[in-house]
Every structure is written in C-alpha cells, then in structure tokens.
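Okay, entry_8.pdb is below, PDB, C-alpha atoms:
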ATOM      1  CA  MET A   1      18.173 -37.352  -3.568
ATOM      2  CA  THR A   2      18.099 -36.124  -7.169
ATOM      3  CA  ALA A   3      20.330 -37.460  -9.902
ATOM      4  CA  PRO A   4      23.209 -35.173 -10.995
ATOM      5  CA  ASP A   5      21.539 -34.336 -14.354
ATOM      6  CA  THR A   6      18.086 -33.668 -12.849
ATOM      7  CA  PRO A   7      17.331 -30.024 -11.983
ATOM      8  CA  HIS A   8      16.880 -29.529  -8.283
ATOM      9  CA  PRO A   9      13.217 -28.882  -7.343
ATOM     10  CA  LEU A  10      14.268 -25.573  -5.785
ATOM     11  CA  SER A  11      16.401 -24.538  -8.744
ATOM     12  CA  GLU A  12      16.746 -20.920  -7.636
ATOM     13  CA  LEU A  13      19.329 -20.284  -4.977
ATOM     14  CA  PRO A  14      18.073 -18.486  -1.884
ATOM     15  CA  GLY A  15      17.906 -14.763  -2.474
ATOM     16  CA  ARG A  16      17.989 -14.930  -6.288
ATOM     17  CA  THR A  17      14.408 -13.769  -6.751
ATOM     18  CA  MET A  18      14.811 -10.941  -4.281
ATOM     19  CA  ALA A  19      18.099  -9.867  -5.868
ATOM     20  CA  ARG A  20      16.469  -9.842  -9.313
ATOM     21  CA  GLU A  21      13.541  -7.760  -8.041
ATOM     22  CA  MET A  22      15.902  -5.332  -6.309
ATOM     23  CA  ALA A  23      17.864  -4.925  -9.541
ATOM     24  CA  GLU A  24      14.605  -3.930 -11.292
ATOM     25  CA  GLN A  25      13.952  -1.061  -8.869
ATOM     26  CA  PRO A  26      15.781   1.723 -10.762
ATOM     27  CA  THR A  27      13.877   0.936 -13.975
ATOM     28  CA  VAL A  28      10.554   0.744 -12.163
ATOM     29  CA  LEU A  29      11.230   3.995 -10.316
ATOM     30  CA  ARG A  30      12.107   5.794 -13.581
ATOM     31  CA  ARG A  31       8.866   4.506 -15.134
ATOM     32  CA  ILE A  32       6.797   5.645 -12.164
ATOM     33  CA  LEU A  33       8.421   9.073 -12.079
ATOM     34  CA  SER A  34       8.048   9.656 -15.807
ATOM     35  CA  GLY A  35       4.640   8.117 -16.416
ATOM     36  CA  GLY A  36       2.926   8.188 -13.042
ATOM     37  CA  ALA A  37       4.141  11.402 -11.428
ATOM     38  CA  PRO A  38       1.379  13.667 -12.803
ATOM     39  CA  ALA A  39      -1.380  11.360 -11.529
ATOM     40  CA  ILE A  40       0.330  10.978  -8.150
ATOM     41  CA  GLN A  41       0.747  14.758  -7.840
ATOM     42  CA  ASP A  42      -2.918  15.285  -8.714
ATOM     43  CA  VAL A  43      -4.072  12.838  -6.041
ATOM     44  CA  ALA A  44      -1.666  14.399  -3.522
ATOM     45  CA  ARG A  45      -3.052  17.898  -4.247
ATOM     46  CA  GLN A  46      -6.642  16.721  -3.843
ATOM     47  CA  ILE A  47      -5.900  14.999  -0.546
ATOM     48  CA  ALA A  48      -3.827  17.925   0.796
ATOM     49  CA  ALA A  49      -6.714  20.298   0.035
ATOM     50  CA  ARG A  50      -8.841  18.254   2.447
ATOM     51  CA  THR A  51      -6.252  18.733   5.243
ATOM     52  CA  PRO A  52      -6.300  15.322   6.894
ATOM     53  CA  ARG A  53      -5.616  15.478  10.628
ATOM     54  CA  PHE A  54      -3.574  12.273  10.676
ATOM     55  CA  VAL A  55      -2.810   9.179   8.586
ATOM     56  CA  LEU A  56      -3.564   5.504   9.155
ATOM     57  CA  LEU A  57      -1.798   2.933   6.997
ATOM     58  CA  THR A  58      -3.297  -0.473   6.317
ATOM     59  CA  ALA A  59      -1.432  -3.373   4.747
ATOM     60  CA  ARG A  60      -0.495  -6.990   5.247
ATOM     61  CA  GLY A  61       2.397  -9.236   4.318
ATOM     62  CA  THR A  62       5.275  -7.574   2.500
ATOM     63  CA  SER A  63       3.151  -4.483   1.837
ATOM     64  CA  ASP A  64       3.177  -3.909   5.590
ATOM     65  CA  ASN A  65       6.901  -3.152   5.310
ATOM     66  CA  ALA A  66       6.188  -0.546   2.645
ATOM     67  CA  ALA A  67       3.481   0.965   4.873
ATOM     68  CA  LEU A  68       5.880   1.184   7.805
ATOM     69  CA  TYR A  69       8.414   2.992   5.607
ATOM     70  CA  ALA A  70       5.651   5.333   4.382
ATOM     71  CA  LYS A  71       4.778   6.058   8.021
ATOM     72  CA  TYR A  72       8.286   7.380   8.634
ATOM     73  CA  LEU A  73       8.265   9.443   5.436
ATOM     74  CA  LEU A  74       4.850  10.972   6.130
ATOM     75  CA  GLU A  75       5.736  11.878   9.696
ATOM     76  CA  ILE A  76       9.076  13.404   8.682
ATOM     77  CA  ARG A  77       8.086  15.112   5.428
ATOM     78  CA  LEU A  78       4.511  16.197   6.219
ATOM     79  CA  GLY A  79       4.587  16.390   9.990
ATOM     80  CA  LEU A  80       1.400  14.360  10.222
ATOM     81  CA  PRO A  81       1.033  11.768  12.962
ATOM     82  CA  CYS A  82       0.724   8.292  11.458
ATOM     83  CA  GLY A  83      -0.147   4.835  12.661
ATOM     84  CA  LEU A  84      -0.564   1.315  11.375
ATOM     85  CA  THR A  85      -4.048  -0.161  11.620
ATOM     86  CA  SER A  86      -5.135  -3.514  12.958
ATOM     87  CA  MET A  87      -7.649  -4.700  10.369
ATOM     88  CA  SER A  88      -9.122  -7.275  12.723
ATOM     89  CA  THR A  89     -10.564  -4.546  14.953
ATOM     90  CA  THR A  90     -12.875  -3.714  12.065
ATOM     91  CA  THR A  91     -13.233  -7.041  10.259
ATOM     92  CA  ALA A  92     -13.450  -9.404  13.246
ATOM     93  CA  TYR A  93     -14.573  -7.200  16.138
ATOM     94  CA  GLY A  94     -16.778  -4.700  14.321
ATOM     95  CA  ALA A  95     -15.139  -1.547  15.697
ATOM     96  CA  ARG A  96     -16.280   1.597  13.893
ATOM     97  CA  PRO A  97     -14.041   4.493  14.997
ATOM     98  CA  ASP A  98     -14.776   8.045  13.864
ATOM     99  CA  LEU A  99     -12.363   8.540  10.982
ATOM    100  CA  THR A 100     -13.631  11.919   9.841
ATOM    101  CA  ASP A 101     -10.785  13.824   8.153
ATOM    102  CA  VAL A 102      -8.357  10.921   8.591
ATOM    103  CA  LEU A 103      -6.378   9.740   5.575
ATOM    104  CA  VAL A 104      -6.423   5.941   5.382
ATOM    105  CA  VAL A 105      -3.820   4.612   2.955
ATOM    106  CA  THR A 106      -4.161   0.939   2.054
ATOM    107  CA  VAL A 107      -1.132  -0.681   0.429
ATOM    108  CA  SER A 108      -1.557  -3.923  -1.512
ATOM    109  CA  GLN A 109       0.244  -5.340  -4.520
ATOM    110  CA  SER A 110      -2.819  -7.090  -5.943
ATOM    111  CA  GLY A 111      -5.544  -5.007  -4.324
ATOM    112  CA  GLY A 112      -7.577  -8.178  -3.976
ATOM    113  CA  SER A 113      -7.272  -9.206  -0.325
ATOM    114  CA  PRO A 114     -10.814  -9.353   1.065
ATOM    115  CA  ASP A 115      -9.777  -8.135   4.533
ATOM    116  CA  LEU A 116      -8.138  -5.041   3.043
ATOM    117  CA  VAL A 117     -11.190  -4.321   0.919
ATOM    118  CA  VAL A 118     -13.589  -4.723   3.865
ATOM    119  CA  SER A 119     -11.505  -2.586   6.228
ATOM    120  CA  THR A 120     -11.034   0.150   3.603
ATOM    121  CA  ARG A 121     -14.749   0.209   2.832
ATOM    122  CA  ALA A 122     -15.483   0.484   6.571
ATOM    123  CA  ALA A 123     -12.963   3.328   6.905
ATOM    124  CA  ARG A 124     -14.598   5.224   4.063
ATOM    125  CA  GLU A 125     -18.039   4.698   5.593
ATOM    126  CA  ALA A 126     -16.606   6.047   8.884
ATOM    127  CA  GLY A 127     -15.620   9.313   7.180
ATOM    128  CA  ALA A 128     -12.032   8.583   6.141
ATOM    129  CA  ILE A 129     -10.338   9.877   3.032
ATOM    130  CA  THR A 130      -9.273   6.576   1.461
ATOM    131  CA  LEU A 131      -6.294   6.018  -0.822
ATOM    132  CA  ALA A 132      -5.361   2.651  -2.330
ATOM    133  CA  VAL A 133      -1.795   2.065  -3.513
ATOM    134  CA  THR A 134      -1.733  -1.059  -5.681
ATOM    135  CA  ASN A 135      -0.295  -2.620  -8.815
ATOM    136  CA  ASN A 136      -3.816  -3.138 -10.148
ATOM    137  CA  PRO A 137      -6.042  -0.155 -11.000
ATOM    138  CA  ASP A 138      -8.994  -2.496 -11.628
ATOM    139  CA  SER A 139      -8.737  -4.225  -8.253
ATOM    140  CA  PRO A 140     -11.551  -4.455  -5.710
ATOM    141  CA  LEU A 141      -9.471  -2.307  -3.348
ATOM    142  CA  ALA A 142      -9.137   0.466  -5.929
ATOM    143  CA  GLY A 143     -12.890   0.214  -6.462
ATOM    144  CA  VAL A 144     -13.799   0.875  -2.808
ATOM    145  CA  SER A 145     -11.240   3.620  -2.307
ATOM    146  CA  GLU A 146     -11.899   7.240  -3.036
ATOM    147  CA  TYR A 147      -8.425   7.689  -4.540
ATOM    148  CA  HIS A 148      -6.048   5.243  -6.166
ATOM    149  CA  ILE A 149      -2.373   5.332  -7.112
ATOM    150  CA  ASP A 150      -1.247   2.581  -9.458
TER
END

As structure tokens, the full file:
Amino acid sequence: MTAPDTPHPLSELPGRTMAREMAEQPTVLRRILSGGAPAIQDVARQIAARTPRFVLLTARGTSDNAALYAKYLLEIRLGLPCGLTSMSTTTAYGARPDLTDVLVVTVSQSGGSPDLVVSTRAAREAGAITLAVTNNPDSPLAGVSEYHID
C-alpha cells in the first residue's frame, strides 16, 4: 500500500490516455486534411489508374481496428471487395498467392513491425500494389511499399 502523499504507480485513471487521444482527433484531422490531402489524393489517383480488382488490408494490434473500419469504407464507397489478411500464412507457412492487380494496404503506426514488413514485401513480390499507411515516412514498411501515406 502506498502512503497518502506518494503518487500511485498507476497515476493515470483508466481511460485518461484514451480520452486525451480522442480529444486530439479534430486537430489531427484538420492537419491531415490541410497538409496531407494533396499527397493522399495523388496516391489515390495513381492507385485508381491501376484498377485494382480487390483490396486486402494487413495490420496488427490497434491498427487492425483501423483496417477493419477501412474495409467497410472501401466496400461501401468504392464497391471493391475487401478482406483482412492473415500474415502468418505468408510469414510462417510460406504461402505465395497470386496478388496481381490486388491492392494490399498495410496499416501500422510505427511501420517497424518485422512481420508487417515481410508480408508486405511478399505481397509486392507476388504482384500486389502495396500501400503503407503509417506515422513514419522513413519506416521499413514505407520502404518496402510501392506507395506510402504518412
């Protein structure tokens, strides 16, 4: 038990960090729309010109939730069938599906997870159009992907 004047080791109340990050969303969205929109639109035009036949989304952890949301948006807005990948089929079992004309979108905050990098590289080698969505334009994931949105 801690003394009354000693800060508790878990000084943040549950949910505080998440609430703070949620409160930052409007500012972050304004920054992305004002500063990043032209680059995003350019990448979108380039990918659309290649007419992908469907989309596979790859992510892990909390980024997997963002990928699932993107799946719904892509299916509704673009009418493209979408699915979530199982990285282990490539990284652990060595599967090499034909991904010609498939858009593979990999979502990662850091862009540094080795399994995401390996699976994205394998997708590109299998003919996929690869797009990394990260917070780090200099990440290994951005480096192996054909396109990158920061």

- May I have the residues within 10 Å of stretch 89-103 of chain A as a VMD selection string, using all atoms listed in the file and disregarding those fewer than 3 positions away in the same chain? chain A and resid 47 to 48 50 to 57 82 85 to 86 106 114 to 120 122 to 131

Could you save the residues just selected, with C-alpha atoms, as a PDB file, in the frame of the given file?
ATOM      1  CA  ILE A  47      -5.900  14.999  -0.546  1.00  0.00           C
ATOM      2  CA  ALA A  48      -3.827  17.925   0.796  1.00  0.00           C
ATOM      3  CA  ARG A  50      -8.841  18.254   2.447  1.00  0.00           C
ATOM      4  CA  THR A  51      -6.252  18.733   5.243  1.00  0.00           C
ATOM      5  CA  PRO A  52      -6.300  15.322   6.894  1.00  0.00           C
ATOM      6  CA  ARG A  53      -5.616  15.478  10.628  1.00  0.00           C
ATOM      7  CA  PHE A  54      -3.574  12.273  10.676  1.00  0.00           C
ATOM      8  CA  VAL A  55      -2.810   9.179   8.586  1.00  0.00           C
ATOM      9  CA  LEU A  56      -3.564   5.504   9.155  1.00  0.00           C
ATOM     10  CA  LEU A  57      -1.798   2.933   6.997  1.00  0.00           C
ATOM     11  CA  CYS A  82       0.724   8.292  11.458  1.00  0.00           C
ATOM     12  CA  THR A  85      -4.048  -0.161  11.620  1.00  0.00           C
ATOM     13  CA  SER A  86      -5.135  -3.514  12.958  1.00  0.00           C
ATOM     14  CA  THR A 106      -4.161   0.939   2.054  1.00  0.00           C
ATOM     15  CA  PRO A 114     -10.814  -9.353   1.065  1.00  0.00           C
ATOM     16  CA  ASP A 115      -9.777  -8.135   4.533  1.00  0.00           C
ATOM     17  CA  LEU A 116      -8.138  -5.041   3.043  1.00  0.00           C
ATOM     18  CA  VAL A 117     -11.190  -4.321   0.919  1.00  0.00           C
ATOM     19  CA  VAL A 118     -13.589  -4.723   3.865  1.00  0.00           C
ATOM     20  CA  SER A 119     -11.505  -2.586   6.228  1.00  0.00           C
ATOM     21  CA  THR A 120     -11.034   0.150   3.603  1.00  0.00           C
ATOM     22  CA  ALA A 122     -15.483   0.484   6.571  1.00  0.00           C
ATOM     23  CA  ALA A 123     -12.963   3.328   6.905  1.00  0.00           C
ATOM     24  CA  ARG A 124     -14.598   5.224   4.063  1.00  0.00           C
ATOM     25  CA  GLU A 125     -18.039   4.698   5.593  1.00  0.00           C
ATOM     26  CA  ALA A 126     -16.606   6.047   8.884  1.00  0.00           C
ATOM     27  CA  GLY A 127     -15.620   9.313   7.180  1.00  0.00           C
ATOM     28  CA  ALA A 128     -12.032   8.583   6.141  1.00  0.00           C
ATOM     29  CA  ILE A 129     -10.338   9.877   3.032  1.00  0.00           C
ATOM     30  CA  THR A 130      -9.273   6.576   1.461  1.00  0.00           C
ATOM     31  CA  LEU A 131      -6.294   6.018  -0.822  1.00  0.00           C
TER      32      LEU A 131
END

4 Å per side around stretch 25-34 of chain A: axis-aligned box centre and edge lengths, as lines of an AutoDock Vina configuration file:
center_x = 11.3
center_y = 4.3
center_z = -12.3
size_x = 17.0
size_y = 18.7
size_z = 14.9

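For the pair atom CA of A:Thr134 and atom CA of A:Ala59, the separation is 10.7 Å.
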
- Task: Given the file shown, enumerate the residues that the PyMOL selection byres ((chain A and resi 66) around 12) captures and present them as JSON, numbers by chain.
- Result: {"A": [57, 58, 59, 60, 61, 62, 63, 64, 65, 67, 68, 69, 70, 71, 72, 73, 84, 105, 106, 107, 108, 109, 133, 134]}

Could you take the residues named above and write them with C-alpha atoms, as an mmCIF file, in the frame of the given file?
data_model
loop_
_atom_site.group_PDB
_atom_site.id
_atom_site.type_symbol
_atom_site.label_atom_id
_atom_site.label_comp_id
_atom_site.auth_asym_id
_atom_site.auth_seq_id
_atom_site.Cartn_x
_atom_site.Cartn_y
_atom_site.Cartn_z
ATOM 1 C CA LEU A 57 -1.798 2.933 6.997
ATOM 2 C CA THR A 58 -3.297 -0.473 6.317
ATOM 3 C CA ALA A 59 -1.432 -3.373 4.747
ATOM 4 C CA ARG A 60 -0.495 -6.990 5.247
ATOM 5 C CA GLY A 61 2.397 -9.236 4.318
ATOM 6 C CA THR A 62 5.275 -7.574 2.500
ATOM 7 C CA SER A 63 3.151 -4.483 1.837
ATOM 8 C CA ASP A 64 3.177 -3.909 5.590
ATOM 9 C CA ASN A 65 6.901 -3.152 5.310
ATOM 10 C CA ALA A 67 3.481 0.965 4.873
ATOM 11 C CA LEU A 68 5.880 1.184 7.805
ATOM 12 C CA TYR A 69 8.414 2.992 5.607
ATOM 13 C CA ALA A 70 5.651 5.333 4.382
ATOM 14 C CA LYS A 71 4.778 6.058 8.021
ATOM 15 C CA TYR A 72 8.286 7.380 8.634
ATOM 16 C CA LEU A 73 8.265 9.443 5.436
ATOM 17 C CA LEU A 84 -0.564 1.315 11.375
ATOM 18 C CA VAL A 105 -3.820 4.612 2.955
ATOM 19 C CA THR A 106 -4.161 0.939 2.054
ATOM 20 C CA VAL A 107 -1.132 -0.681 0.429
ATOM 21 C CA SER A 108 -1.557 -3.923 -1.512
ATOM 22 C CA GLN A 109 0.244 -5.340 -4.520
ATOM 23 C CA VAL A 133 -1.795 2.065 -3.513
ATOM 24 C CA THR A 134 -1.733 -1.059 -5.681
#

- Message: What's the separation between atom CA of A:His148 and atom CA of A:Leu33, in Å to one decimal place?
- Response: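 Calculated distance between atom CA of A:His148 and atom CA of A:Leu33 is 16.1 Å.
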
- Could you please determine the separation between atom CA of A:Arg121 and atom CA of A:Ile149 in Å, to one decimal place?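 Taking atom CA of A:Arg121 as the start and atom CA of A:Ile149 as the end point, the length is 16.7 Å.
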
Kindly write C-alpha atoms of stretch 1-146 of chain A from the structure just given to a file, as a tab-separated table (two decimals), in the first residue's frame.
chain	number	residue	atom	x	y	z
A	1	MET	CA	0.00	0.00	0.00
A	2	THR	CA	1.34	3.46	-0.83
A	3	ALA	CA	1.48	6.32	1.63
A	4	PRO	CA	-1.12	9.09	1.15
A	5	ASP	CA	1.49	11.60	-0.15
A	6	THR	CA	3.16	9.12	-2.55
A	7	PRO	CA	1.86	9.17	-6.14
A	8	HIS	CA	0.20	5.93	-7.07
A	9	PRO	CA	2.32	3.85	-9.51
A	10	LEU	CA	-0.58	3.91	-11.97
A	11	SER	CA	-1.19	7.63	-11.60
A	12	GLU	CA	-3.45	7.89	-14.64
A	13	LEU	CA	-7.01	6.80	-14.12
A	14	PRO	CA	-8.27	4.16	-16.52
A	15	GLY	CA	-9.34	5.72	-19.79
A	16	ARG	CA	-7.46	9.01	-19.32
A	17	THR	CA	-4.92	8.34	-22.06
A	18	MET	CA	-7.58	7.21	-24.49
A	19	ALA	CA	-9.77	10.21	-23.68
A	20	ARG	CA	-6.83	12.56	-24.25
A	21	GLU	CA	-6.02	10.92	-27.60
A	22	MET	CA	-9.66	11.08	-28.67
A	23	ALA	CA	-9.76	14.79	-27.81
A	24	GLU	CA	-6.77	15.31	-30.15
A	25	GLN	CA	-8.60	13.81	-33.14
A	26	PRO	CA	-10.20	17.02	-34.51
A	27	THR	CA	-6.83	18.81	-34.53
A	28	VAL	CA	-5.07	15.87	-36.14
A	29	LEU	CA	-7.80	15.51	-38.76
A	30	ARG	CA	-7.59	19.23	-39.64
A	31	ARG	CA	-3.80	18.90	-40.01
A	32	ILE	CA	-4.11	15.85	-42.24
A	33	LEU	CA	-6.78	17.45	-44.41
A	34	SER	CA	-4.89	20.71	-44.83
A	35	GLY	CA	-1.34	19.43	-45.13
A	36	GLY	CA	-1.70	15.84	-46.29
A	37	ALA	CA	-4.71	15.88	-48.59
A	38	PRO	CA	-2.80	16.66	-51.82
A	39	ALA	CA	-0.37	13.77	-51.27
A	40	ILE	CA	-3.20	11.40	-50.35
A	41	GLN	CA	-5.19	12.43	-53.44
A	42	ASP	CA	-2.13	11.90	-55.64
A	43	VAL	CA	-1.57	8.39	-54.29
A	44	ALA	CA	-5.30	7.62	-54.64
A	45	ARG	CA	-5.26	8.75	-58.30
A	46	GLN	CA	-2.21	6.63	-59.08
A	47	ILE	CA	-3.72	3.54	-57.47
A	48	ALA	CA	-7.15	4.08	-59.08
A	49	ALA	CA	-5.49	4.31	-62.51
A	50	ARG	CA	-4.21	0.76	-61.96
A	51	THR	CA	-7.78	-0.50	-61.31
A	52	PRO	CA	-7.19	-2.98	-58.50
A	53	ARG	CA	-9.62	-5.90	-58.58
A	54	PHE	CA	-9.95	-6.09	-54.79
A	55	VAL	CA	-8.28	-4.90	-51.58
A	56	LEU	CA	-6.51	-6.80	-48.81
A	57	LEU	CA	-5.79	-5.00	-45.55
A	58	THR	CA	-2.94	-6.02	-43.29
A	59	ALA	CA	-2.45	-4.79	-39.74
A	60	ARG	CA	-1.98	-5.94	-36.18
A	61	GLY	CA	-2.87	-4.66	-32.74
A	62	THR	CA	-4.87	-1.44	-32.62
A	63	SER	CA	-4.13	-0.78	-36.30
A	64	ASP	CA	-6.22	-3.86	-37.06
A	65	ASN	CA	-9.27	-1.91	-35.86
A	66	ALA	CA	-8.45	0.90	-38.27
A	67	ALA	CA	-8.05	-1.65	-41.08
A	68	LEU	CA	-11.44	-3.18	-40.31
A	69	TYR	CA	-13.04	0.27	-40.46
A	70	ALA	CA	-11.23	0.94	-43.76
A	71	LYS	CA	-12.63	-2.34	-45.09
A	72	TYR	CA	-16.18	-1.09	-44.55
A	73	LEU	CA	-15.41	2.30	-46.11
A	74	LEU	CA	-13.72	0.80	-49.17
A	75	GLU	CA	-16.52	-1.67	-49.79
A	76	ILE	CA	-19.21	0.99	-49.39
A	77	ARG	CA	-17.53	3.93	-51.11
A	78	LEU	CA	-15.58	2.16	-53.88
A	79	GLY	CA	-17.57	-1.03	-54.28
A	80	LEU	CA	-14.41	-3.10	-54.12
A	81	PRO	CA	-14.44	-6.40	-52.25
A	82	CYS	CA	-12.07	-6.26	-49.28
A	83	GLY	CA	-10.61	-8.69	-46.80
A	84	LEU	CA	-8.25	-8.79	-43.86
A	85	THR	CA	-5.09	-10.83	-44.32
A	86	SER	CA	-3.56	-13.43	-42.05
A	87	MET	CA	0.13	-12.53	-42.07
A	88	SER	CA	1.14	-15.93	-40.74
A	89	THR	CA	0.07	-17.62	-43.99
A	90	THR	CA	2.95	-15.78	-45.63
A	91	THR	CA	5.44	-15.35	-42.79
A	92	ALA	CA	5.08	-18.74	-41.07
A	93	TYR	CA	3.65	-21.03	-43.75
A	94	GLY	CA	5.26	-19.58	-46.87
A	95	ALA	CA	2.05	-19.18	-48.90
A	96	ARG	CA	2.57	-17.12	-52.05
A	97	PRO	CA	-0.86	-16.32	-53.54
A	98	ASP	CA	-1.15	-14.56	-56.89
A	99	LEU	CA	-1.80	-10.96	-55.92
A	100	THR	CA	-1.61	-9.46	-59.39
A	101	ASP	CA	-3.74	-6.29	-59.51
A	102	VAL	CA	-4.68	-6.58	-55.83
A	103	LEU	CA	-4.26	-3.54	-53.60
A	104	VAL	CA	-2.61	-4.53	-50.32
A	105	VAL	CA	-2.91	-1.79	-47.70
A	106	THR	CA	-0.74	-2.24	-44.62
A	107	VAL	CA	-1.64	-0.12	-41.60
A	108	SER	CA	0.94	0.43	-38.86
A	109	GLN	CA	1.59	3.32	-36.52
A	110	SER	CA	5.35	2.82	-36.41
A	111	GLY	CA	5.84	0.96	-39.68
A	112	GLY	CA	8.51	-1.10	-37.96
A	113	SER	CA	6.89	-4.45	-37.19
A	114	PRO	CA	9.00	-7.11	-38.91
A	115	ASP	CA	6.01	-9.34	-39.71
A	116	LEU	CA	4.24	-6.47	-41.48
A	117	VAL	CA	7.36	-5.62	-43.45
A	118	VAL	CA	7.93	-9.25	-44.50
A	119	SER	CA	4.31	-9.83	-45.50
A	120	THR	CA	4.14	-6.55	-47.44
A	121	ARG	CA	7.37	-7.33	-49.27
A	122	ALA	CA	5.99	-10.78	-50.15
A	123	ALA	CA	2.74	-9.22	-51.39
A	124	ARG	CA	4.65	-6.83	-53.63
A	125	GLU	CA	6.77	-9.68	-54.99
A	126	ALA	CA	3.51	-11.57	-55.70
A	127	GLY	CA	2.28	-8.72	-57.91
A	128	ALA	CA	0.30	-6.61	-55.43
A	129	ILE	CA	0.00	-2.86	-55.49
A	130	THR	CA	1.27	-2.06	-51.98
A	131	LEU	CA	0.30	0.93	-49.86
A	132	ALA	CA	1.66	1.60	-46.37
A	133	VAL	CA	-0.28	3.86	-44.02
A	134	THR	CA	1.98	4.83	-41.12
A	135	ASN	CA	3.03	7.65	-38.82
A	136	ASN	CA	6.62	7.26	-40.01
A	137	PRO	CA	7.57	8.01	-43.63
A	138	ASP	CA	11.10	6.69	-43.01
A	139	SER	CA	9.93	3.34	-41.64
A	140	PRO	CA	10.95	-0.05	-43.02
A	141	LEU	CA	7.32	-0.63	-44.03
A	142	ALA	CA	7.23	2.57	-46.07
A	143	GLY	CA	10.50	1.47	-47.67
A	144	VAL	CA	9.14	-1.86	-48.96
A	145	SER	CA	5.82	-0.46	-50.11
A	146	GLU	CA	5.24	1.00	-53.52
